[in-house]
$ cat protein30.pdb   # PDB, C-alpha atoms
ATOM      1  CA  MET A  21     -60.051  35.288  59.311
ATOM      2  CA  GLN A  22     -56.323  34.574  59.254
ATOM      3  CA  CYS A  23     -53.945  36.950  57.470
ATOM      4  CA  PRO A  24     -51.955  35.140  54.755
ATOM      5  CA  SER A  25     -48.867  37.281  55.585
ATOM      6  CA  CYS A  26     -48.530  37.534  59.366
ATOM      7  CA  GLN A  27     -51.029  34.815  60.399
ATOM      8  CA  PHE A  28     -52.927  37.320  62.614
ATOM      9  CA  GLN A  29     -56.534  36.354  63.338
ATOM     10  CA  ASN A  30     -58.815  39.177  62.111
ATOM     11  CA  LEU A  31     -62.546  39.616  62.514
ATOM     12  CA  PRO A  32     -64.716  38.047  59.800
ATOM     13  CA  GLY A  33     -65.401  40.457  56.926
ATOM     14  CA  SER A  34     -62.242  42.537  57.458
ATOM     15  CA  GLU A  35     -60.790  43.976  54.259
ATOM     16  CA  LEU A  36     -57.345  44.779  55.758
ATOM     17  CA  CYS A  37     -55.214  42.959  58.337
ATOM     18  CA  GLY A  38     -55.254  44.771  61.703
ATOM     19  CA  ARG A  39     -51.546  44.044  62.252
ATOM     20  CA  CYS A  40     -49.821  44.407  58.844
ATOM     21  CA  ALA A  41     -52.601  46.004  56.697
ATOM     22  CA  THR A  42     -52.429  43.245  54.096
ATOM     23  CA  SER A  43     -55.522  42.908  51.879
ATOM     24  CA  MET A  44     -57.755  40.115  53.119
ATOM     25  CA  LEU A  45     -59.730  39.850  49.831
ATOM     26  CA  LEU A  46     -57.145  37.463  48.299
ATOM     27  CA  ALA A  47     -57.334  35.236  51.357
ATOM     28  CA  ALA A  48     -61.121  35.052  51.092
ATOM     29  CA  SER A  49     -61.160  34.207  47.374
ATOM     30  CA  GLU A  50     -61.031  30.637  46.128
ATOM     31  CA  LEU A  51     -58.584  29.714  43.428
ATOM     32  CA  ASP A  52     -59.476  27.026  40.877
ATOM     33  CA  VAL A  53     -56.467  24.761  40.576
ATOM     34  CA  ASN A  54     -57.969  23.268  37.395
ATOM     35  CA  PRO A  55     -58.935  26.271  35.259
ATOM     36  CA  PRO A  56     -60.741  25.606  31.964
ATOM     37  CA  ARG A  57     -58.329  25.065  29.070
ATOM     38  CA  ALA A  58     -58.615  26.739  25.738
ATOM     39  CA  ARG A  59     -59.759  24.603  22.833
ATOM     40  CA  ASP A  60     -56.845  22.989  20.999
ATOM     41  CA  ARG A  61     -57.066  24.669  17.637
ATOM     42  CA  GLY A  62     -54.469  23.678  15.096
ATOM     43  CA  GLY A  63     -52.649  21.451  17.572
ATOM     44  CA  ALA A  64     -51.543  18.929  14.960
ATOM     45  CA  SER A  65     -50.188  21.571  12.578
ATOM     46  CA  ARG A  66     -48.473  23.367  15.457
ATOM     47  CA  ARG A  67     -46.763  20.177  16.608
ATOM     48  CA  ALA A  68     -45.692  19.409  13.038
ATOM     49  CA  SER A  69     -44.291  22.923  12.698
ATOM     50  CA  LEU A  70     -42.364  22.578  15.957
ATOM     51  CA  PHE A  71     -41.024  19.195  14.819
ATOM     52  CA  LEU A  72     -39.748  20.609  11.522
ATOM     53  CA  HIS A  73     -38.332  23.628  13.334
ATOM     54  CA  SER A  74     -36.413  21.360  15.719
ATOM     55  CA  ILE A  75     -34.990  19.410  12.779
ATOM     56  CA  ILE A  76     -33.859  22.577  10.978
ATOM     57  CA  ARG A  77     -32.371  23.961  14.185
ATOM     58  CA  GLY A  78     -30.568  20.676  14.809
ATOM     59  CA  LEU A  79     -29.132  20.653  11.304
ATOM     60  CA  ARG A  80     -27.867  24.199  11.784
ATOM     61  CA  GLU A  81     -26.261  23.244  15.083
ATOM     62  CA  ASP A  82     -24.598  20.224  13.517
ATOM     63  CA  LEU A  83     -23.313  22.357  10.658
ATOM     64  CA  HIS A  84     -21.930  24.865  13.149
ATOM     65  CA  LEU A  85     -20.188  22.079  15.100
ATOM     66  CA  ILE A  86     -18.784  20.586  11.906
ATOM     67  CA  ARG A  87     -17.349  23.945  10.901
ATOM     68  CA  GLY A  88     -15.865  24.312  14.362
ATOM     69  CA  GLY A  89     -14.251  20.891  14.216
ATOM     70  CA  GLN A  90     -16.321  19.492  17.095
ATOM     71  CA  LEU A  91     -17.996  16.814  14.955
ATOM     72  CA  ASP A  92     -16.275  14.135  12.899
ATOM     73  CA  TRP A  93     -16.218  15.265   9.292
ATOM     74  CA  LYS A  94     -14.641  13.288   6.540
ATOM     75  CA  ALA A  95     -14.072  15.145   3.308
ATOM     76  CA  PRO A  96     -15.627  12.972   0.564
ATOM     77  CA  PRO A  97     -13.296  11.709  -2.166
ATOM     78  CA  PRO A  98     -13.823  13.151  -5.661
ATOM     79  CA  GLY A  99     -16.986  11.823  -7.249
ATOM     80  CA  PHE A 100     -18.338  10.400  -3.989
ATOM     81  CA  LEU A 101     -21.626  12.335  -3.952
ATOM     82  CA  TRP A 102     -22.595  12.426  -7.642
ATOM     83  CA  ARG A 103     -22.178   8.655  -7.865
ATOM     84  CA  ASN A 104     -25.339   8.393  -5.767
ATOM     85  CA  VAL A 105     -27.225   8.716  -9.047
ATOM     86  CA  ILE A 106     -26.972   4.908  -9.028
ATOM     87  CA  PRO A 107     -27.200   3.352  -5.550
ATOM     88  CA  GLY A 108     -24.091   1.499  -4.464
ATOM     89  CA  LEU A 109     -21.593   3.189  -6.814
ATOM     90  CA  SER A 110     -20.381   5.605  -4.135
ATOM     91  CA  HIS A 111     -19.811   2.739  -1.694
ATOM     92  CA  LEU A 112     -17.871   0.775  -4.302
ATOM     93  CA  HIS A 113     -15.865   3.920  -5.073
ATOM     94  CA  VAL A 114     -14.569   4.120  -1.480
ATOM     95  CA  GLY A 115     -14.011   0.370  -1.108
ATOM     96  CA  GLN A 116     -17.214  -0.556   0.761
ATOM     97  CA  ARG A 117     -17.886  -3.518  -1.507
ATOM     98  CA  LEU A 118     -20.434  -5.394   0.602
ATOM     99  CA  LYS A 119     -22.666  -2.351   0.992
ATOM    100  CA  GLY A 120     -22.123  -1.279  -2.589
ATOM    101  CA  TRP A 121     -23.045  -4.591  -4.213
ATOM    102  CA  SER A 122     -25.980  -5.099  -1.831
ATOM    103  CA  TYR A 123     -27.524  -1.730  -2.689
ATOM    104  CA  LEU A 124     -26.792  -1.997  -6.414
ATOM    105  CA  THR A 125     -28.024  -5.570  -6.870
ATOM    106  CA  SER A 126     -31.248  -5.154  -4.905
ATOM    107  CA  PHE A 127     -32.008  -1.872  -6.697
ATOM    108  CA  LEU A 128     -31.523  -3.377 -10.164
ATOM    109  CA  VAL A 129     -33.642  -6.419  -9.285
ATOM    110  CA  PHE A 130     -36.634  -4.319  -8.205
ATOM    111  CA  VAL A 131     -36.253  -1.947 -11.158
ATOM    112  CA  ALA A 132     -36.305  -4.960 -13.493
ATOM    113  CA  PHE A 133     -39.478  -6.281 -11.846
ATOM    114  CA  SER A 134     -41.111  -2.840 -12.039
ATOM    115  CA  LEU A 135     -40.431  -2.758 -15.795
ATOM    116  CA  LEU A 136     -41.710  -6.297 -16.301
ATOM    117  CA  TYR A 137     -44.951  -5.420 -14.510
ATOM    118  CA  LEU A 138     -45.183  -1.886 -15.906
ATOM    119  CA  GLY A 139     -48.716  -0.550 -15.863
ATOM    120  CA  THR A 140     -49.911  -2.762 -12.996
ATOM    121  CA  ALA A 141     -50.204  -2.303  -9.224
ATOM    122  CA  SER A 142     -47.332  -4.756  -8.726
ATOM    123  CA  GLY A 143     -45.110  -2.642 -10.969
ATOM    124  CA  SER A 144     -45.812   0.457  -8.860
ATOM    125  CA  ILE A 145     -44.967  -1.435  -5.656
ATOM    126  CA  PHE A 146     -41.676  -2.709  -7.090
ATOM    127  CA  LEU A 147     -40.762   0.818  -8.230
ATOM    128  CA  GLY A 148     -41.508   2.183  -4.735
ATOM    129  CA  ILE A 149     -39.208  -0.419  -3.164
ATOM    130  CA  ALA A 150     -36.448   0.461  -5.648
ATOM    131  CA  PHE A 151     -36.788   4.153  -4.729
ATOM    132  CA  SER A 152     -36.577   3.296  -1.010
ATOM    133  CA  ILE A 153     -33.351   1.357  -1.599
ATOM    134  CA  HIS A 154     -31.939   4.282  -3.569
ATOM    135  CA  SER A 155     -32.832   6.772  -0.826
ATOM    136  CA  THR A 156     -31.339   4.544   1.882
ATOM    137  CA  ALA A 157     -28.078   4.174  -0.026
ATOM    138  CA  ALA A 158     -27.783   7.938  -0.607
ATOM    139  CA  LEU A 159     -28.622   8.697   3.043
ATOM    140  CA  ASP A 160     -25.962   6.237   4.240
ATOM    141  CA  CYS A 161     -23.358   8.082   2.165
ATOM    142  CA  VAL A 162     -24.411  11.450   3.566
ATOM    143  CA  MET A 163     -24.407  10.186   7.164
ATOM    144  CA  GLN A 164     -20.873   8.827   6.795
ATOM    145  CA  LEU A 165     -19.704  12.418   6.384
ATOM    146  CA  ALA A 166     -21.056  13.302   9.853
ATOM    147  CA  PRO A 167     -21.369  10.037  11.836
ATOM    148  CA  ARG A 168     -22.156  11.739  15.171
ATOM    149  CA  THR A 169     -25.332  13.424  13.939
ATOM    150  CA  SER A 170     -28.362  13.016  16.213
ATOM    151  CA  MET A 171     -31.209  10.654  15.373
ATOM    152  CA  LEU A 172     -33.661  13.523  14.919
ATOM    153  CA  ASN A 173     -31.393  15.130  12.367
ATOM    154  CA  ARG A 174     -30.966  11.817  10.576
ATOM    155  CA  ILE A 175     -34.724  11.757  10.115
ATOM    156  CA  GLY A 176     -34.624  15.279   8.703
ATOM    157  CA  ALA A 177     -31.751  14.367   6.414
ATOM    158  CA  SER A 178     -33.702  11.362   5.099
ATOM    159  CA  PHE A 179     -36.545  13.690   4.066
ATOM    160  CA  VAL A 180     -34.120  16.029   2.340
ATOM    161  CA  VAL A 181     -32.272  13.215   0.511
ATOM    162  CA  SER A 182     -35.521  11.612  -0.684
ATOM    163  CA  ALA A 183     -36.888  14.961  -1.890
ATOM    164  CA  VAL A 184     -33.688  15.783  -3.789
ATOM    165  CA  LEU A 185     -33.545  12.337  -5.406
ATOM    166  CA  PHE A 186     -37.169  12.502  -6.507
ATOM    167  CA  GLY A 187     -36.999  16.092  -7.772
ATOM    168  CA  VAL A 188     -33.657  15.837  -9.586
ATOM    169  CA  LEU A 189     -33.754  12.263 -10.887
ATOM    170  CA  TYR A 190     -37.074  10.430 -10.604
ATOM    171  CA  PHE A 191     -39.515  13.177 -11.542
ATOM    172  CA  PRO A 192     -37.841  13.970 -14.913
ATOM    173  CA  VAL A 193     -37.637  10.241 -15.730
ATOM    174  CA  ILE A 194     -41.297   9.676 -14.813
ATOM    175  CA  PHE A 195     -42.331  12.750 -16.833
ATOM    176  CA  ILE A 196     -40.541  11.511 -19.958
ATOM    177  CA  MET A 197     -41.783   7.950 -19.488
ATOM    178  CA  SER A 198     -45.358   9.226 -19.213
ATOM    179  CA  ARG A 199     -45.006  10.580 -22.758
ATOM    180  CA  VAL A 200     -43.043   7.858 -24.556
ATOM    181  CA  ALA A 201     -43.974   4.675 -22.659
ATOM    182  CA  ILE A 202     -47.576   4.873 -21.428
ATOM    183  CA  PRO A 203     -48.653   1.354 -20.373
ATOM    184  CA  ARG A 204     -52.107   0.344 -21.569
ATOM    185  CA  GLU A 205     -53.819  -2.878 -20.443
ATOM    186  CA  MET A 206     -56.345  -4.357 -22.857
ATOM    187  CA  GLU A 207     -59.724  -4.643 -21.140
ATOM    188  CA  GLU A 208     -61.176  -6.951 -23.788
ATOM    189  CA  ALA A 209     -59.863  -9.170 -26.563
ATOM    190  CA  SER A 210     -59.116  -7.249 -29.763
ATOM    191  CA  TYR A 211     -57.099  -8.973 -32.481
ATOM    192  CA  PRO A 212     -54.193  -9.675 -32.180
ATOM    193  CA  PHE A 213     -54.351  -8.845 -28.435
ATOM    194  CA  LYS A 214     -56.148 -10.664 -25.649
ATOM    195  CA  ALA A 215     -57.747  -9.296 -22.496
ATOM    196  CA  GLY A 216     -54.993  -8.510 -19.969
ATOM    197  CA  ASP A 217     -52.257  -7.874 -22.542
ATOM    198  CA  VAL A 218     -50.205  -4.731 -21.870
ATOM    199  CA  VAL A 219     -48.777  -2.487 -24.608
ATOM    200  CA  LEU A 220     -46.717   0.706 -24.522
ATOM    201  CA  VAL A 221     -48.003   3.896 -26.171
ATOM    202  CA  ASN A 222     -45.884   6.828 -27.348
ATOM    203  CA  SER A 223     -47.900  10.061 -27.323
ATOM    204  CA  TRP A 224     -44.897  12.341 -27.924
ATOM    205  CA  ARG A 225     -44.599  12.003 -31.714
ATOM    206  CA  GLU A 226     -47.050  13.185 -34.350
ATOM    207  CA  PRO A 227     -49.091  10.284 -35.801
ATOM    208  CA  GLN A 228     -47.938   9.122 -39.228
ATOM    209  CA  PRO A 229     -49.474   6.757 -41.829
ATOM    210  CA  GLY A 230     -48.211   3.234 -41.292
ATOM    211  CA  GLN A 231     -48.100   3.494 -37.494
ATOM    212  CA  ILE A 232     -50.148   1.190 -35.289
ATOM    213  CA  VAL A 233     -51.925   3.524 -32.892
ATOM    214  CA  LEU A 234     -54.274   3.613 -29.936
ATOM    215  CA  TYR A 235     -57.283   5.719 -30.945
ATOM    216  CA  GLU A 236     -60.857   6.466 -29.949
ATOM    217  CA  ILE A 237     -63.654   5.448 -32.274
ATOM    218  CA  PRO A 238     -66.414   8.085 -32.483
ATOM    219  CA  ASN A 239     -69.804   6.954 -31.206
ATOM    220  CA  VAL A 240     -71.544   5.744 -34.367
ATOM    221  CA  ASN A 241     -74.847   3.848 -34.492
ATOM    222  CA  GLN A 242     -76.008   1.649 -37.341
ATOM    223  CA  GLU A 243     -79.467   0.126 -37.763
ATOM    224  CA  LEU A 244     -79.006  -3.437 -38.948
ATOM    225  CA  GLY A 245     -82.676  -4.244 -39.558
ATOM    226  CA  THR A 246     -86.120  -4.717 -38.070
ATOM    227  CA  ASP A 247     -88.445  -7.683 -37.719
ATOM    228  CA  GLY A 248     -91.593  -5.596 -37.399
ATOM    229  CA  HIS A 249     -91.542  -5.501 -33.620
ATOM    230  CA  ARG A 250     -88.059  -4.309 -32.736
ATOM    231  CA  ARG A 251     -85.028  -2.794 -34.385
ATOM    232  CA  THR A 252     -81.443  -4.062 -34.161
ATOM    233  CA  ILE A 253     -78.914  -1.239 -33.742
ATOM    234  CA  LEU A 254     -75.137  -1.690 -33.668
ATOM    235  CA  SER A 255     -73.307   0.864 -31.503
ATOM    236  CA  ILE A 256     -69.492   0.829 -31.384
ATOM    237  CA  TYR A 257     -67.261   3.283 -29.516
ATOM    238  CA  GLY A 258     -64.217   3.449 -27.253
ATOM    239  CA  ASP A 259     -60.458   3.000 -27.563
ATOM    240  CA  ARG A 260     -59.124   0.601 -30.208
ATOM    241  CA  ILE A 261     -55.807  -0.327 -31.811
ATOM    242  CA  ASP A 262     -55.154  -0.448 -35.566
ATOM    243  CA  ARG A 263     -52.953   1.014 -38.304
ATOM    244  CA  ILE A 264     -53.161   4.521 -39.767
ATOM    245  CA  ILE A 265     -53.757   4.110 -43.507
ATOM    246  CA  ALA A 266     -53.782   7.740 -44.666
ATOM    247  CA  GLY A 267     -53.608  11.324 -43.490
ATOM    248  CA  PRO A 268     -55.632  14.521 -44.121
ATOM    249  CA  GLY A 269     -56.537  15.235 -47.757
ATOM    250  CA  GLN A 270     -55.561  11.827 -49.153
ATOM    251  CA  LYS A 271     -57.883   9.736 -51.314
ATOM    252  CA  VAL A 272     -57.959   6.034 -50.508
ATOM    253  CA  VAL A 273     -59.413   3.174 -52.563
ATOM    254  CA  TRP A 274     -59.652  -0.328 -51.114
ATOM    255  CA  ASP A 275     -60.559  -2.826 -53.815
ATOM    256  CA  ASP A 276     -60.393  -6.605 -53.267
ATOM    257  CA  GLN A 277     -57.432  -6.558 -50.819
ATOM    258  CA  THR A 278     -55.625  -3.936 -52.937
ATOM    259  CA  LEU A 279     -54.921  -0.484 -51.482
ATOM    260  CA  LYS A 280     -54.306   2.676 -53.484
ATOM    261  CA  ILE A 281     -53.531   6.061 -51.959
ATOM    262  CA  ASP A 282     -53.831   9.073 -54.261
ATOM    263  CA  GLY A 283     -53.838   6.679 -57.223
ATOM    264  CA  LYS A 284     -50.650   4.841 -56.204
ATOM    265  CA  SER A 285     -50.431   1.299 -54.872
ATOM    266  CA  SER A 286     -49.531   1.039 -51.201
ATOM    267  CA  ILE A 287     -48.166  -1.824 -49.112
ATOM    268  CA  LEU A 288     -50.022  -0.586 -46.019
ATOM    269  CA  ARG A 289     -52.642  -2.919 -44.641
ATOM    270  CA  PRO A 290     -55.013  -2.802 -41.677
ATOM    271  CA  MET A 291     -54.175  -5.292 -38.942
ATOM    272  CA  GLN A 292     -56.970  -7.671 -39.991
ATOM    273  CA  PRO A 293     -57.641  -7.095 -43.715
ATOM    274  CA  ASP A 294     -60.018 -10.068 -43.999
ATOM    275  CA  ALA A 295     -62.626  -8.080 -42.060
ATOM    276  CA  MET A 296     -62.746  -5.365 -44.765
ATOM    277  CA  PRO A 297     -65.584  -5.055 -47.294
ATOM    278  CA  GLN A 298     -64.963  -5.810 -50.981
ATOM    279  CA  ARG A 299     -64.601  -2.164 -52.010
ATOM    280  CA  LEU A 300     -64.345   1.080 -50.076
ATOM    281  CA  GLU A 301     -63.497   4.556 -51.359
ATOM    282  CA  VAL A 302     -62.776   7.363 -48.885
ATOM    283  CA  THR A 303     -61.362  10.897 -49.031
ATOM    284  CA  VAL A 304     -59.854  11.927 -45.702
ATOM    285  CA  PRO A 305     -61.118  15.359 -44.530
ATOM    286  CA  PRO A 306     -58.827  17.931 -42.853
ATOM    287  CA  ASP A 307     -57.691  17.188 -39.283
ATOM    288  CA  HIS A 308     -58.623  13.511 -39.642
ATOM    289  CA  TYR A 309     -56.865  10.194 -40.131
ATOM    290  CA  LEU A 310     -58.085   7.099 -41.930
ATOM    291  CA  ILE A 311     -57.952   4.014 -39.694
ATOM    292  CA  PHE A 312     -59.945   0.969 -40.769
ATOM    293  CA  PRO A 313     -61.320  -0.548 -37.518
ATOM    294  CA  THR A 314     -60.600  -4.146 -38.495
ATOM    295  CA  THR A 315     -59.611  -5.245 -34.954
ATOM    296  CA  THR A 316     -62.903  -4.019 -33.504
ATOM    297  CA  PRO A 317     -65.287  -6.834 -32.551
ATOM    298  CA  LEU A 318     -68.465  -7.080 -34.694
ATOM    299  CA  MET A 319     -66.887  -5.215 -37.623
ATOM    300  CA  ASN A 320     -67.077  -7.416 -40.713
ATOM    301  CA  ALA A 321     -67.414  -7.275 -44.495
ATOM    302  CA  LYS A 322     -71.232  -7.600 -44.358
ATOM    303  CA  LEU A 323     -71.757  -4.213 -42.705
ATOM    304  CA  PRO A 324     -72.813  -1.280 -44.927
ATOM    305  CA  VAL A 325     -70.048   0.658 -46.674
ATOM    306  CA  ASP A 326     -71.229   4.020 -45.299
ATOM    307  CA  PHE A 327     -70.943   2.627 -41.761
ATOM    308  CA  TRP A 328     -67.351   1.567 -42.480
ATOM    309  CA  GLU A 329     -66.593   5.045 -43.776
ATOM    310  CA  LYS A 330     -67.991   6.750 -40.644
ATOM    311  CA  MET A 331     -66.093   4.388 -38.373
ATOM    312  CA  SER A 332     -62.797   4.849 -40.252
ATOM    313  CA  LEU A 333     -62.533   8.656 -40.201
ATOM    314  CA  ILE A 334     -60.904   9.537 -36.880
ATOM    315  CA  PRO A 335     -60.394  13.156 -35.707
ATOM    316  CA  ALA A 336     -56.741  14.000 -35.060
ATOM    317  CA  GLY A 337     -57.494  14.549 -31.365
ATOM    318  CA  GLY A 338     -58.812  11.000 -31.112
ATOM    319  CA  VAL A 339     -55.414   9.439 -31.810
ATOM    320  CA  ARG A 340     -53.816   8.697 -28.411
ATOM    321  CA  GLY A 341     -50.373   7.687 -29.655
ATOM    322  CA  ALA A 342     -48.281   5.049 -31.407
ATOM    323  CA  VAL A 343     -48.417   1.490 -30.023
ATOM    324  CA  TYR A 344     -44.928   0.076 -30.469
ATOM    325  CA  PHE A 345     -44.128  -2.529 -27.791
ATOM    326  CA  GLN A 346     -45.899  -5.332 -25.933
ATOM    327  CA  THR A 347     -44.792  -6.119 -22.366
ATOM    328  CA  ARG A 348     -47.293  -8.761 -21.309
ATOM    329  CA  PRO A 349     -47.811 -11.658 -21.407
ATOM    330  CA  PHE A 350     -44.143 -12.485 -21.022
ATOM    331  CA  GLY A 351     -44.301 -14.943 -23.913
ATOM    332  CA  HIS A 352     -45.215 -12.148 -26.337
ATOM    333  CA  ILE A 353     -42.763  -9.447 -25.265
ATOM    334  CA  GLY A 354     -41.455  -7.557 -28.278
ATOM    335  CA  ARG A 355     -42.016  -4.826 -30.853
ATOM    336  CA  ILE A 356     -45.387  -4.471 -32.531
ATOM    337  CA  LYS A 357     -45.208  -4.264 -36.300
TER     338      LYS A 357
END

$ encode --input "protein30.pdb" --output "structure tokens"
Amino acid sequence: MQCPSCQFQNLPGSELCGRCATSMLLAASELDVNPPRARDRGGASRRASLFLHSIIRGLREDLHLIRGGQLDWKAPPPGFLWRNVIPGLSHLHVGQRLKGWSYLTSFLVFVAFSLLYLGTASGSIFLGIAFSIHSTAALDCVMQLAPRTSMLNRIGASFVVSAVLFGVLYFPVIFIMSRVAIPREMEEASYPFKAGDVVLVNSWREPQPGQIVLYEIPNVNQELGTDGHRRTILSIYGDRIDRIIAGPGQKVVWDDQTLKIDGKSSILRPMQPDAMPQRLEVTVPPDHYLIFPTTTPLMNAKLPVDFWEKMSLIPAGGVRGAVYFQTRPFGHIGRIK
């Protein structure tokens, strides 16, 4: 058995070298050059954490170099950064006309398309492209202040710029739009709208008599008759569009196309008055609105008066919001009156 230190040949089974007294146990043991590896737990999250850490560290190093004058730093002219609210304005402000007009024009084009197709998948795609153009324009402005920044830090800066733009500008706009301009696509034809038409709904304001609103009809069943073997039952429910005629506590009399509210004549009319019965008298209970469902398919003057009354009294929570503008089809774009 050879000593690993002095190369002296010892007798087999020796624990110590006879020349230098080195332990022979290590020489006799076998080392596994491929030991078993621990299971990779959380490898993806660890790598992501290291990646973000490297970006933050790089940004700190760049900032330190900028402060020390070792990186090119151009002090932005007044108004250079806040003009990034609209892509291209900052470039035009410093005389970069080609970049400025390219960013501004392409952004406005895609915003216009996103508004034209509001409420559809195409509209969402166009809005995403417009946001990408905006982020790219803002990032280009930021990078011009430190042109020698590393590629890794440019990636980090793009995340920061996009997050700031979305949080400061886009999120408040989207939040407000989701209250005052909710797009609603008609799933089935309902006078005067056809299937596929898109309208805008304002859920911010309190419903008022005279407004055309999107509302939910309560689930009401009406037996139309029987032939001895089977019954015919009419069941109508779901979201509909029509005009609010009266509010809580008001007494309404509809008599031969003439409307009186609390004894006074009113110019208000449902959207399709020809569908109404000859006479209908209703007192609106608290927390309800009176909306004659004249645009609802199958509603007509031959149906029983009590069925009309049940269908017309809508709980306040069932009114989704005012319908005020039609965006599609393009030939019918305009206000709804």

$ closest_residue --input "protein30.pdb" --among "A:Thr315, A:Ser178, A:Ser198, A:Ser126" --to "Leu138 of chain A" --atoms "only C-alpha atoms"
A:Ser198

$ resolve_selection --input "protein30.pdb" --expression "the PyMOL selection byres ((chain A and resi 347) around 6)" --output "ChimeraX atom specification"
/A:218-219,346,348,353

$ atom_distance --input "protein30.pdb" --atom1 "atom CA of Glu301 of chain A" --atom2 "atom CA of Ser286 of chain A"
14.4 Å

$ residues_around --input "protein30.pdb" --residues "Asp275 of chain A" --least-positions-apart "5" --cutoff "9 Å" --atoms "only C-alpha atoms" --output "MDAnalysis selection string"
chainID A and resid 280 297:301

$ atom_distance --input "protein30.pdb" --atom1 "atom CA of Leu109 of chain A" --atom2 "atom CA of Ser155 of chain A"
13.2 Å

$ residues_around --input "protein30.pdb" --residues "Val162 of chain A" --least-positions-apart "3" --cutoff "10 Å" --atoms "all atoms listed in the file" --output "compact mmCIF listing (two decimals) with C-alpha atoms, in the frame of the given file"
# COMPACT_ATOMS: atom_id res chain seq x y z
CA PRO A 96 -15.63 12.97 0.56
CA PHE A 100 -18.34 10.40 -3.99
CA LEU A 101 -21.63 12.34 -3.95
CA ASN A 104 -25.34 8.39 -5.77
CA THR A 156 -31.34 4.54 1.88
CA ALA A 157 -28.08 4.17 -0.03
CA ALA A 158 -27.78 7.94 -0.61
CA LEU A 159 -28.62 8.70 3.04
CA LEU A 165 -19.70 12.42 6.38
CA ALA A 166 -21.06 13.30 9.85
CA PRO A 167 -21.37 10.04 11.84
CA ARG A 174 -30.97 11.82 10.58
CA ALA A 177 -31.75 14.37 6.41
CA SER A 178 -33.70 11.36 5.10
CA VAL A 181 -32.27 13.22 0.51

$ closest_residue --input "protein30.pdb" --among "A:Leu189, A:Ile196, A:Ala132, A:Met319" --to "Ser144 of chain A" --atoms "all atoms listed in the file"
A:Ala132

$ atom_distance --input "protein30.pdb" --atom1 "atom CA of Ile232 of chain A" --atom2 "atom CA of Glu329 of chain A"
18.9 Å

$ resolve_selection --input "protein30.pdb" --expression "the PyMOL selection byres ((chain A and resi 130) around 10)" --output "PyMOL selection string"
chain A and resi 125-129+131-136+143+145-151+153

$ residues_around --input "protein30.pdb" --residues "Arg263 of chain A" --least-positions-apart "4" --cutoff "8 Å" --atoms "all atoms listed in the file" --output "list in words"
Pro229, Gly230, Gln231, Ile232, Val233, Arg289, Pro290, Met291, Ile311 and Phe312 of chain A

$ closest_residue --input "protein30.pdb" --among "A:Arg199, A:Lys330, A:His111, A:His308" --to "Ile264 of chain A" --atoms "all atoms listed in the file"
A:His308

$ residues_near_point --input "protein30.pdb" --point "(-68.2, -6.9, -46.3)" --cutoff "8 Å" --atoms "only C-alpha atoms" --output "PyMOL selection string"
chain A and resi 295-298+320-325
